[in-house]
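Right, one structure below, let's go through it.
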Amino acid sequence: MSLSEVGNADRFVDLAGLLESCEVDGFRADFLSWGHYQPEYWRNYWHSHSFHEVCLAYSGEGRFDNGSVRYDVVPGSVFLARPGDVHEIESSRAEPLGIAFWGFTFRPGSDERGWWSGLTRADGPVMSTRTGALPALVTALALEAASPVSGYGTALTALGSTLVMETARAFASDEDLAVEPVRRDRGPLVVAAMQRHLRDNLSRPITVRDVAAAAHLSERHAERLFTQQTGSSIMSTLRRLRLELAVQLLLDHTLSITEVARACGYSDVRPFSTAFKRKYGRTPGEHRRTGGTEFL
């Protein structure tokens, strides 16, 4: 999402009646203001807030004075006034400044460093170029506000939570953002995807190639990984799953045995009956007559 798209987010201010609070990692954020300045000359004089106010510049130029420090504002600048910061913003007359801004309270219950430290550290930076997903979030929020439809509350809360997190990340140090890399064994996940593909297609002709392609693997790699994780080959697992399905379907007397065979991927009753008796020691018809029970 480009910064120019933020310029179309003039309905951002309408969020004032739609999104009032959200939860982020167990921390509550209450939104107190939403706004949007078109690129024309403007100035808001020295003032302070009891909340965090964040501005995202999407066009033009200007200045942001925070206390005794002056910052130049250009497209892509994200700047922050923390609670109690006395500040002033002024647009350039030659290149008028366009911004979107949002204000919220945020009080985490822990002093431990993390993505939120950019908001809570009084000595932290107030100017950043780390826009991340902020332009896309501002645009998405404005679109939801412009035409609310069913489910908009859930969408706005999710977007608002992400906005708070991305805002804090823009001002957090790399050290505070660092986490231990997650090292996951993807083998079980890939095999689960292959098993899911088998279950979803039991009535259709399936080959190892089909299953491997669904997992984006070569046939050899897919077969090796599958057998390693499950102890069975892909095709033997397919046969087992088909017959397990047949056990259930045979109890439905609205289905003929031929229909059950086809629902389980067999084109003919004969190979189906042979496979079923080999596994369960009785024919499909006998299984149906006994209601799925065995009499010893």
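FYI, nothing fancy with the structure tokens labels: chains A, B, ... in order, residues from 1 per chain, ligands from 1 as they appear.
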
Practice prompt. Could you give me, as a PyMOL selection string, each residue of segment 167-231 of chain A that DSSP assigns to helix (DSSP H, G or I) when run on this structure's backbone?
Written response: chain A and resi 167-171+174-177+187-200+208-214+219-230

Worksheet item: Which neighbours of Val190 of chain A fall inside 12 Å, counting only C-alpha atoms, when residues of the same chain fewer than 4 positions from it are skipped, and could you give them as number ranges by chain?
Response: A: 184-186, 194-197, 211-217, 221-226, 228-230

List as a PDB file with N, CA, C and O atoms, in the first residue's frame the protein and nucleic acid residues near Leu202 of chain A, meaning an atom at most 8 Å away when only C-alpha atoms are counted, but skip any in the same chain fewer than 5 places from it.
```pdb
ATOM      1  N   LEU A 238      -4.092 -44.157   2.238  1.00  0.00           N
ATOM      2  CA  LEU A 238      -5.286 -43.886   1.450  1.00  0.00           C
ATOM      3  C   LEU A 238      -6.244 -45.069   1.509  1.00  0.00           C
ATOM      4  O   LEU A 238      -7.453 -44.893   1.717  1.00  0.00           O
ATOM      5  N   LEU A 241      -7.912 -45.183   4.969  1.00  0.00           N
ATOM      6  CA  LEU A 241      -8.913 -44.138   5.149  1.00  0.00           C
ATOM      7  C   LEU A 241     -10.186 -44.436   4.365  1.00  0.00           C
ATOM      8  O   LEU A 241     -11.304 -44.184   4.838  1.00  0.00           O
ATOM      9  N   ARG A 242     -10.030 -44.992   3.176  1.00  0.00           N
ATOM     10  CA  ARG A 242     -11.199 -45.315   2.358  1.00  0.00           C
ATOM     11  C   ARG A 242     -12.034 -46.407   3.026  1.00  0.00           C
ATOM     12  O   ARG A 242     -13.273 -46.327   3.064  1.00  0.00           O
ATOM     13  N   ALA A 263     -18.216 -43.910  -3.349  1.00  0.00           N
ATOM     14  CA  ALA A 263     -17.914 -42.802  -2.428  1.00  0.00           C
ATOM     15  C   ALA A 263     -16.549 -42.995  -1.773  1.00  0.00           C
ATOM     16  O   ALA A 263     -15.946 -42.025  -1.306  1.00  0.00           O
ATOM     17  N   CYS A 264     -16.080 -44.238  -1.772  1.00  0.00           N
ATOM     18  CA  CYS A 264     -14.779 -44.541  -1.161  1.00  0.00           C
ATOM     19  C   CYS A 264     -13.681 -44.725  -2.199  1.00  0.00           C
ATOM     20  O   CYS A 264     -12.610 -45.269  -1.891  1.00  0.00           O
ATOM     21  N   GLY A 265     -13.962 -44.310  -3.436  1.00  0.00           N
ATOM     22  CA  GLY A 265     -12.922 -44.305  -4.460  1.00  0.00           C
ATOM     23  C   GLY A 265     -12.770 -45.591  -5.244  1.00  0.00           C
ATOM     24  O   GLY A 265     -11.799 -45.735  -5.998  1.00  0.00           O
TER      25      GLY A 265
END
```

Would you give me, as JSON lines, each residue of segment 17-128 of chain A having an atom within 10 Å of an atom of segment 141-157 of chain A, along with its shortest atom pair and that distance in Å to one decimal, using only C-alpha atoms and sorting by chain and residue number?
```
{"residue": "A:Gly17", "atom": "CA", "partner": "A:Ala145", "partner_atom": "CA", "distance": 9.0}
{"residue": "A:Leu18", "atom": "CA", "partner": "A:Ala145", "partner_atom": "CA", "distance": 7.2}
{"residue": "A:Leu19", "atom": "CA", "partner": "A:Leu156", "partner_atom": "CA", "distance": 6.5}
{"residue": "A:Glu20", "atom": "CA", "partner": "A:Thr157", "partner_atom": "CA", "distance": 8.7}
{"residue": "A:Ser21", "atom": "CA", "partner": "A:Thr157", "partner_atom": "CA", "distance": 7.5}
{"residue": "A:Cys22", "atom": "CA", "partner": "A:Thr157", "partner_atom": "CA", "distance": 5.8}
{"residue": "A:Glu23", "atom": "CA", "partner": "A:Thr157", "partner_atom": "CA", "distance": 8.2}
{"residue": "A:Val24", "atom": "CA", "partner": "A:Thr157", "partner_atom": "CA", "distance": 9.9}
```

Practice prompt. List every residue of segment 37-280 of chain A that DSSP, applied to the backbone, labels as strand (DSSP E), and write the result as a ChimeraX atom specification.
Written response: /A:37,43-47,52-59,62-66,69-73,78-81,87-91,98-106,127-128

Discussion item. Can you pull out the residues contacting segment 280-294 of chain A? Cut-off 10 Å, using only C-alpha atoms, and skip same-chain residues under 3 positions away; I want them as a VMD selection string.
Written reply: chain A and resid 243 246 to 253 256 to 257 260 to 261 269 272 to 277

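The neighbours of segment 160-177 of chain A here are the residues that come within 8 Å of it, using only C-alpha atoms and leaving out any residue fewer than 5 positions away in the same chain; they are Leu19, Ser21, Cys22, Glu23, Val24, Ala29, Val54, Val78, Arg113, Gly114, Trp115, Trp116, Ser117, Gly118, Leu119, Gly124, Pro125, Val126, Met127, Ser128, Thr129, Arg130, Thr131, Gly132, Ala133, Leu134, Leu137, Val138 and Leu141 of chain A.
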
Worksheet item: Which residue, A:Arg262, A:Arg43, A:His87, A:Arg82, has the smallest gap to Arg70 of chain A when you use only C-alpha atoms?
Response: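 Checking each candidate against Arg70 of chain A, we get A:His87 as the closest.
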
Item to complete: Rounded to one decimal place, report the atom CA of Pro39 of chain A-atom CA of His52 of chain A distance in Å.
Response: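 These two atoms are separated by 23.0 Å.
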
Item to complete: Check the smallest atom-to-atom distance from each of A:Ser218, A:Leu255, A:Ala136, A:Ile206 to Ser2 of chain A using only C-alpha atoms, then report the winner.
Response: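 Once distances to Ser2 of chain A are computed over only C-alpha atoms, the minimum belongs to A:Ala136.
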
Worksheet item: By how many Å are atom CA of Cys55 of chain A and atom CA of Phe104 of chain A apart?
Response: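 Here the two named atoms are 11.9 Å from each other.
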